[in-house]
Amino acid sequence: MKVISAEDFGDSLFLNGTNRKTPVWGGIDLTFSCNMNCCHCYIPKSKEFIDRENELSFSEICCLIDELVDEGCLFFTISGGEPLIRDDFIDIYLYAIKKGLIITILTNGTLITPELAKVFSKYPNTYIEISLYGITTETYENITKTPNSFEKCLQGIEALLDNNVKLNLKTPILTLNAGEIIAINNFAKEKKLNFRCDPYVIPQLDGTKEPCKYRISPQDAVEFDFLFEDRSNVIKERLLTKENSRQFFRKCTDSVCKFSITPHGKLQKCTRMTTPSFNLHNSSFKEGWNSLYSMSLELFSNYPPEKYECSTCNKISICSPCPIDGIVENGAIGSQVEYKCKLTDLRIKQFS
Ligand code: SF4
Ligand code: SF4
């Protein structure tokens, strides 16, 4: 019998579009609050988002987990904000694990203690992804605006490594940390950890562009493409791909088997795509899923709208935009994102 990793199994379900109506991949943002205050954070600080009183309760989350497992969910991401700030985080995690879900936890790592790392290590179906914003206290805390956070993040990483928990590192490339990306990569190599970094800083969920002012220039972003062999290879592959926009976007829009639950009980296709959505407070997950599935199919049946630039762009495979980018950048799905257009033109020039 051939043995494959959970990641490869998940990819094969996703790419083959197996039984598209089964919500195989899902996730929950346990809270939009955080113990840090990063300058590039995509979560707005308004009351509407940071509303801790109306977050889903432990019992509501357990009911949802029961239901989504019954509907066929297998891969489940626990995220935020910072999910570990919830007092009941460990109970939620253990409940999800005991229901057989394969769990990925997205965290800033600063609240991971040796005790918590020991709990994670008991369950091999657990993957942790830590965002590491710098490799010096000065740079890291200039971004997080939180004293002592760098040391706590490193302690969290060490605790996970000491307990052999599966761990990946990732970093948004910002003007504030661009000078440390190579050192972060070297740190990851030393620790034998996978590392990825990305220069595309997204606007906040309400469309506020404040985080975008920390983007590096498209020219600098291309320099990073050359520094990382895996990134260069992806771009070279994309240059050889001949897809029109409809074919390209189908890879995302066909993946209706994905869902995301907000801290306040809204069921969405993903965290960034706030409509269509379904309020789970008064309904079952199954009802919400059926409704979201139908709404997503309808929305995507005619996607991208022809009047917008991305729908006729012959560089779409190289650019690889997310359908949501146009909405959060310009309020229109399929509209061009200036930063991505510039980056794409430079990539074509440099890699052809
Ligand atoms: S750690 Fe993540 S969620 Fe917290 S402020 Fe920073 S970017 Fe936002
Ligand atoms: S963002 Fe620009 S380069 Fe990218 S697909 Fe849209 S029009 Fe093309």
# chains A, B, ... in the order shown; residues from 1 in each chain; ligands from 1

$ select_by_dssp --residues "range 177-300 of chain A" --states "helix (DSSP H, G or I)" --output "MDAnalysis selection string"
chainID A and resid 178:190 210:214 218:227 229:240 245:253 285:300

$ residues_around --residues "range 82-91 of chain A" --least-positions-apart "5" --cutoff "12 Å" --atoms "only C-alpha atoms" --output "CSV table (one decimal) with C-alpha atoms, in the first residue's frame"
chain,number,residue,atom,x,y,z
A,27,GLY,CA,-11.2,26.5,9.4
A,28,ILE,CA,-12.2,28.8,12.3
A,29,ASP,CA,-10.9,32.1,13.4
A,30,LEU,CA,-11.4,31.7,17.1
A,31,THR,CA,-11.0,35.5,17.7
A,32,PHE,CA,-10.0,38.6,15.8
A,33,SER,CA,-8.2,39.9,18.9
A,34,CYS,CA,-4.5,39.5,19.4
A,35,ASN,CA,-1.8,40.0,22.1
A,36,MET,CA,0.2,41.9,19.5
A,37,ASN,CA,-0.4,45.0,17.4
A,38,CYS,CA,1.3,44.5,14.1
A,41,CYS,CA,-2.3,43.3,10.3
A,43,ILE,CA,-7.8,42.6,10.8
A,50,ILE,CA,-12.7,43.1,17.9
A,52,ARG,CA,-14.9,39.5,22.3
A,53,GLU,CA,-18.3,39.4,24.0
A,55,GLU,CA,-17.4,35.4,20.0
A,56,LEU,CA,-18.7,31.8,19.6
A,57,SER,CA,-18.7,30.0,22.9
A,58,PHE,CA,-16.9,26.7,23.6
A,59,SER,CA,-20.2,24.8,23.5
A,61,ILE,CA,-17.8,25.6,18.7
A,62,CYS,CA,-18.0,22.0,19.8
A,77,THR,CA,-7.3,25.3,10.5
A,96,ALA,CA,-11.2,18.9,17.4
A,97,ILE,CA,-8.4,16.4,17.6
A,98,LYS,CA,-10.6,13.8,19.3
A,104,THR,CA,-3.2,23.3,11.4
A,105,ILE,CA,-2.8,26.1,14.0
A,106,LEU,CA,-1.8,29.5,12.7
A,107,THR,CA,-0.2,31.5,15.5
A,108,ASN,CA,2.4,34.2,16.3
A,109,GLY,CA,4.0,31.7,18.6
A,110,THR,CA,4.4,34.0,21.6
A,111,LEU,CA,2.0,32.2,23.8
A,112,ILE,CA,3.3,28.7,23.2
A,113,THR,CA,4.7,27.3,26.5
A,115,GLU,CA,3.4,22.6,28.6
A,116,LEU,CA,1.4,23.4,25.5
A,117,ALA,CA,4.0,22.1,23.2
A,118,LYS,CA,3.9,18.8,25.1
A,119,VAL,CA,0.2,18.6,24.5
A,120,PHE,CA,0.6,19.2,20.8
A,128,ILE,CA,1.8,24.6,13.5
A,129,GLU,CA,2.6,27.6,11.4
A,130,ILE,CA,4.4,30.5,13.1
A,131,SER,CA,4.7,34.0,11.6
A,156,GLY,CA,7.6,29.2,21.6
A,262,THR,CA,-15.5,33.8,11.7
A,263,PRO,CA,-15.2,34.4,15.5

$ atom_distance --atom1 "CA of Glu67 in chain A" --atom2 "CA of Ser301 in chain A"
27.7 Å

$ residues_near_ligand --ligand "ligand 2" --cutoff "8 Å" --atoms "only C-alpha atoms and all ligand atoms" --output "ChimeraX atom specification"
/A:245,309-321,326,334-345

$ write_last_selection --atoms "N, CA and C atoms" --output "CSV table (one decimal), in the first residue's frame"
chain,number,residue,atom,x,y,z
A,245,SER,N,-8.3,33.5,-18.3
A,245,SER,CA,-8.7,33.9,-16.9
A,245,SER,C,-9.7,32.9,-16.3
A,309,GLU,N,-10.4,44.1,-15.7
A,309,GLU,CA,-9.2,43.9,-16.4
A,309,GLU,C,-8.7,42.4,-16.3
A,310,CYS,N,-8.8,41.8,-15.1
A,310,CYS,CA,-8.2,40.5,-15.0
A,310,CYS,C,-8.9,39.4,-15.9
A,311,SER,N,-10.2,39.7,-16.3
A,311,SER,CA,-10.9,38.7,-17.0
A,311,SER,C,-10.3,38.5,-18.4
A,312,THR,N,-9.6,39.5,-18.9
A,312,THR,CA,-9.0,39.4,-20.3
A,312,THR,C,-7.5,39.4,-20.3
A,313,CYS,N,-6.9,39.4,-19.1
A,313,CYS,CA,-5.5,39.5,-19.0
A,313,CYS,C,-4.8,38.2,-19.4
A,314,ASN,N,-3.8,38.4,-20.3
A,314,ASN,CA,-3.1,37.2,-20.8
A,314,ASN,C,-1.9,36.8,-19.9
A,315,LYS,N,-1.7,37.6,-18.8
A,315,LYS,CA,-0.6,37.3,-17.9
A,315,LYS,C,-1.1,36.7,-16.6
A,316,ILE,N,-2.4,36.2,-16.6
A,316,ILE,CA,-3.0,35.8,-15.3
A,316,ILE,C,-2.3,34.7,-14.6
A,317,SER,N,-1.8,33.7,-15.4
A,317,SER,CA,-1.1,32.6,-14.7
A,317,SER,C,0.1,33.0,-14.0
A,318,ILE,N,0.8,34.0,-14.6
A,318,ILE,CA,2.1,34.5,-13.9
A,318,ILE,C,1.7,35.3,-12.7
A,319,CYS,N,0.7,36.1,-12.9
A,319,CYS,CA,0.3,37.0,-11.8
A,319,CYS,C,-0.3,36.2,-10.6
A,320,SER,N,-1.1,35.2,-11.0
A,320,SER,CA,-1.8,34.3,-10.0
A,320,SER,C,-2.5,35.1,-8.9
A,321,PRO,N,-3.5,36.0,-9.3
A,321,PRO,CA,-4.2,36.8,-8.3
A,321,PRO,C,-5.2,35.9,-7.6
A,326,GLY,N,-9.2,41.9,-6.0
A,326,GLY,CA,-9.8,43.0,-6.6
A,326,GLY,C,-10.9,43.6,-5.7
A,334,GLY,N,-12.4,40.9,-9.7
A,334,GLY,CA,-11.8,40.8,-11.0
A,334,GLY,C,-11.1,42.1,-11.5
A,335,SER,N,-11.1,43.1,-10.7
A,335,SER,CA,-10.5,44.4,-11.1
A,335,SER,C,-9.0,44.3,-10.8
A,336,GLN,N,-8.2,45.0,-11.6
A,336,GLN,CA,-6.8,44.9,-11.6
A,336,GLN,C,-6.2,45.4,-10.3
A,337,VAL,N,-5.1,44.8,-9.8
A,337,VAL,CA,-4.4,45.3,-8.6
A,337,VAL,C,-3.1,45.9,-9.1
A,338,GLU,N,-2.9,47.2,-9.0
A,338,GLU,CA,-1.8,47.8,-9.6
A,338,GLU,C,-0.4,47.2,-9.2
A,339,TYR,N,-0.3,46.9,-7.9
A,339,TYR,CA,1.0,46.3,-7.4
A,339,TYR,C,1.3,45.0,-8.1
A,340,LYS,N,0.2,44.2,-8.3
A,340,LYS,CA,0.4,42.9,-8.9
A,340,LYS,C,0.7,43.0,-10.4
A,341,CYS,N,0.1,44.0,-11.0
A,341,CYS,CA,0.3,44.2,-12.5
A,341,CYS,C,1.8,44.6,-12.7
A,342,LYS,N,2.3,45.5,-11.8
A,342,LYS,CA,3.7,45.9,-11.9
A,342,LYS,C,4.7,44.8,-11.7
A,343,LEU,N,4.4,44.0,-10.6
A,343,LEU,CA,5.2,42.9,-10.2
A,343,LEU,C,5.2,41.8,-11.4
A,344,THR,N,4.0,41.6,-11.9
A,344,THR,CA,3.9,40.6,-13.0
A,344,THR,C,4.8,41.0,-14.2
A,345,ASP,N,4.7,42.3,-14.6
A,345,ASP,CA,5.4,42.8,-15.8
A,345,ASP,C,6.9,42.6,-15.5

$ closest_residue --among "A:Leu154, A:Cys39, A:Leu64, A:Ile143" --to "Lys266 in chain A" --atoms "only C-alpha atoms"
A:Leu64

$ residues_around --residues "range 224-241 of chain A" --least-positions-apart "5" --cutoff "10 Å" --atoms "only C-alpha atoms" --output "list in words"
Ile173, Ala178, Ile181, Ile182, Asn185, Arg196, Cys197, Asp198, Pro199, Pro218, Gln219, Phe248, Lys315, Ile316, Ser317, Ile318, Cys319, Ser320, Thr344, Arg347, Ile348, Gln350, Phe351 and Ser352 of chain A

$ residues_around --residues "Trp25 in chain A" --least-positions-apart "2" --cutoff "7 Å" --atoms "only C-alpha atoms" --output "ChimeraX atom specification"
/A:23,73-76,257-259

$ write_last_selection --atoms "N, CA and C atoms" --output "short mmCIF file (atom, residue, chain, number, x, y, z; two decimals), in the first residue's frame"
data_model
loop_
_atom_site.label_atom_id
_atom_site.label_comp_id
_atom_site.auth_asym_id
_atom_site.auth_seq_id
_atom_site.Cartn_x
_atom_site.Cartn_y
_atom_site.Cartn_z
N PRO A 23 -17.50 19.46 2.39
CA PRO A 23 -16.62 20.53 2.92
C PRO A 23 -15.35 19.96 3.56
N CYS A 73 -15.80 17.09 6.89
CA CYS A 73 -14.58 17.89 7.05
C CYS A 73 -13.45 17.01 7.60
N LEU A 74 -12.25 17.22 7.07
CA LEU A 74 -11.10 16.42 7.51
C LEU A 74 -9.93 17.33 7.92
N PHE A 75 -9.71 18.39 7.14
CA PHE A 75 -8.59 19.30 7.42
C PHE A 75 -9.15 20.57 8.04
N PHE A 76 -8.65 20.95 9.20
CA PHE A 76 -9.27 22.05 9.94
C PHE A 76 -8.18 23.00 10.47
N CYS A 257 -15.35 23.30 -1.91
CA CYS A 257 -15.29 22.39 -0.76
C CYS A 257 -14.55 23.03 0.41
N LYS A 258 -14.27 24.34 0.34
CA LYS A 258 -13.57 25.02 1.43
C LYS A 258 -14.51 25.97 2.17
N PHE A 259 -14.28 26.12 3.47
CA PHE A 259 -15.09 27.08 4.21
C PHE A 259 -14.27 27.68 5.36
#

$ select_by_dssp --residues "range 25-121 of chain A" --states "strand (DSSP E or B)" --output "list in words"
Trp25, Gly26, Gly27, Ile28, Asp29, Phe75, Phe76, Thr77, Ile78, Ser79, Ile102, Ile103, Thr104, Ile105, Leu106 and Thr107 of chain A
